[in-house]
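**Student:** Dropping the structure in here first, questions after.
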Amino acid sequence: MGAAVWLGGYAYDLLTAPEWQKALLSIMSEAGLRDAQVFTSLGSDFVKEGDWLVATGCKARDCDAAMGVVALRRADNAVMLALRELGQGATIFGDQSLGVPLSINSLRAGN
């Protein structure tokens with residue numbers, strides 16, 4: 001279940017992987033997880049971003065309206081997510097006390 005195996009993998013695949021369900025549901029509700037899956041149904045693969053592996057995505061056929069970022073901290077496999085809908089602020093899931101990846105901060109800022 002380590003973060004390193006996801007390098008080159010996709011956010012949607014991680015969000016639907018049975019071995020990650022417990023960790024994901026510890027930071028978000030089932031409804032939030034379903035939203036995250038929809039918001040990353042199209043996306044980039046995980047790439048290194050500082051201390052994190054990060055993948056971005058968007059809702060199929062509605063990329064301008066619903067976006068998401070999934071981040072895995074390489075040191076301890078902690079997971080963080082950010083979801084944003086058009087006209088609303090971003091919702092961040094996960095412990096932010098040890099830092100936040102640039103991609104999540106960018107989504108939060110509306111970029």
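How things are named: the first chain in the structure tokens is A, the next is B, and so on; residues count from 1 in each chain; ligands count from 1 in the order shown.
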Check which residues of range 39-84 of chain A sit at most 9 Å from range 20-29 of chain A using only C-alpha atoms, and return one row each with the closest pair of atoms and their distance in Å to one decimal, ordered by chain and rising number, as CSV.
**Tutor:**
residue,atom,partner,partner_atom,distance
A:Ala78,CA,A:Ala23,CA,8.4
A:Val79,CA,A:Leu24,CA,7.4
A:Met80,CA,A:Ile27,CA,8.3
**Student:** Please identify all polymer residues within 7 Å of Leu53 in chain A, counting only C-alpha atoms, omitting same-chain residues fewer than 5 positions from it, and present them as a tab-separated table (two decimals) with N, CA, C and O atoms, in the first residue's frame.
**Tutor:**
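What landed in result-v2.tsv:
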chain	number	residue	atom	x	y	z
A	7	LEU	N	3.68	5.84	-8.41
A	7	LEU	CA	4.36	6.70	-9.37
A	7	LEU	C	4.02	6.21	-10.77
A	7	LEU	O	4.25	5.05	-11.11
A	46	PHE	N	0.41	9.97	-11.38
A	46	PHE	CA	1.15	10.47	-10.22
A	46	PHE	C	2.57	10.82	-10.64
A	46	PHE	O	3.25	10.04	-11.32
A	47	VAL	N	3.00	12.01	-10.22
A	47	VAL	CA	4.37	12.48	-10.45
A	47	VAL	C	4.93	12.98	-9.13
A	47	VAL	O	4.18	13.29	-8.20
A	48	LYS	N	6.24	13.06	-9.05
A	48	LYS	CA	6.88	13.58	-7.84
A	48	LYS	C	6.69	15.09	-7.77
A	48	LYS	O	6.87	15.80	-8.77
A	71	ALA	N	-2.89	13.43	-3.36
A	71	ALA	CA	-1.47	13.50	-3.02
A	71	ALA	C	-1.14	12.43	-1.99
A	71	ALA	O	-1.92	12.18	-1.06
A	72	LEU	N	0.01	11.80	-2.17
A	72	LEU	CA	0.53	10.80	-1.24
A	72	LEU	C	1.88	11.29	-0.75
A	72	LEU	O	2.78	11.55	-1.56
A	73	ARG	N	2.02	11.43	0.58
A	73	ARG	CA	3.31	11.85	1.13
A	73	ARG	C	4.25	10.64	1.10
A	73	ARG	O	3.94	9.59	1.65
A	74	ARG	N	5.38	10.80	0.46
A	74	ARG	CA	6.30	9.68	0.24
A	74	ARG	C	6.89	9.14	1.53
A	74	ARG	O	7.16	7.95	1.64
**Student:** Rounded to one decimal place, report the CA of Pro101 in chain A-CA of Ala3 in chain A distance in Å.
**Tutor:** 14.5 Å
**Student:** Would you mind telling me which residue in A:Gly94, A:Gly8, A:Pro18, A:Gly50 lies nearest to Ala75 in chain A when using only C-alpha atoms?
**Tutor:** A:Gly50
**Student:** One decimal, Å: what's the distance from CA of Ala66 in chain A over to CA of Leu14 in chain A, could you say?
**Tutor:**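 Rounded to one decimal, the two atoms are 18.3 Å apart.
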**Student:** What is the CA of Ile104 in chain A to CA of Leu33 in chain A distance in Å?
**Tutor:**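 So the answer is 16.7 Å.
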**Student:** Which residues come within 12 Å of Phe39 in chain A, counting only C-alpha atoms, excluding same-chain residues fewer than 4 positions away, as number ranges by chain?
**Tutor:** A: 11-12, 15, 32-35, 43, 55-70, 81-86
**Student:** Measuring between only C-alpha atoms, which one of A:Ala31, A:Val5, A:Ala17, A:Ile92 shows the shortest distance to Asp45 in chain A?
**Tutor:**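 Among the listed residues, A:Val5 lies closest to Asp45 in chain A.
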**Student:** Can you check which residues of range 18-106 of chain A DSSP gives as strand (DSSP E) on the backbone and send them as a ChimeraX atom specification?
**Tutor:** /A:42-43,47-49,52-58,66-73,79-85,91-93
**Student:** Can you check which residues of chain A DSSP gives as alpha helix (DSSP H) on the backbone and send them as a PyMOL selection string?
**Tutor:** chain A and resi 11-16+21-25+30-39+102-108
**Student:** With C-alpha atoms retained, could you export that selection as a CSV table (one decimal), in the first residue's frame?
**Tutor:**
chain,number,residue,atom,x,y,z
A,11,ALA,CA,-5.7,9.1,-9.1
A,12,TYR,CA,-8.9,7.3,-10.0
A,13,ASP,CA,-7.2,3.9,-9.7
A,14,LEU,CA,-6.0,4.7,-6.2
A,15,LEU,CA,-9.4,6.1,-5.2
A,16,THR,CA,-11.0,2.8,-6.2
A,21,GLN,CA,-10.4,2.3,1.1
A,22,LYS,CA,-9.8,2.3,4.9
A,23,ALA,CA,-7.2,5.2,4.7
A,24,LEU,CA,-9.5,7.2,2.4
A,25,LEU,CA,-12.6,6.7,4.5
A,30,GLU,CA,-18.3,7.6,1.5
A,31,ALA,CA,-20.1,10.4,-0.4
A,32,GLY,CA,-16.9,12.5,-0.4
A,33,LEU,CA,-15.0,9.5,-1.8
A,34,ARG,CA,-17.6,9.0,-4.6
A,35,ASP,CA,-17.2,12.7,-5.4
A,36,ALA,CA,-13.4,12.3,-5.5
A,37,GLN,CA,-13.7,9.4,-7.9
A,38,VAL,CA,-16.0,11.4,-10.2
A,39,PHE,CA,-13.8,14.5,-9.9
A,102,LEU,CA,1.8,22.9,-4.3
A,103,SER,CA,-0.9,21.3,-6.5
A,104,ILE,CA,-3.4,21.3,-3.7
A,105,ASN,CA,-2.5,24.9,-2.8
A,106,SER,CA,-3.0,25.8,-6.5
A,107,LEU,CA,-6.4,24.2,-6.6
A,108,ARG,CA,-7.4,25.9,-3.4
**Student:** Have a look at A:Asp51, A:Leu42, A:Gly110, A:Gly2 and name the one nearest to Leu98 in chain A; count only C-alpha atoms.
**Tutor:**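 Residue with the minimum atom-to-atom distance to Leu98 in chain A: A:Asp51.
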**Student:** Using only C-alpha atoms, can you tell me which of A:Asn77, A:Val100, A:Gln88, A:Gly9 comes closest to Glu49 in chain A?
**Tutor:**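 The answer is A:Val100, which sits nearest to Glu49 in chain A.
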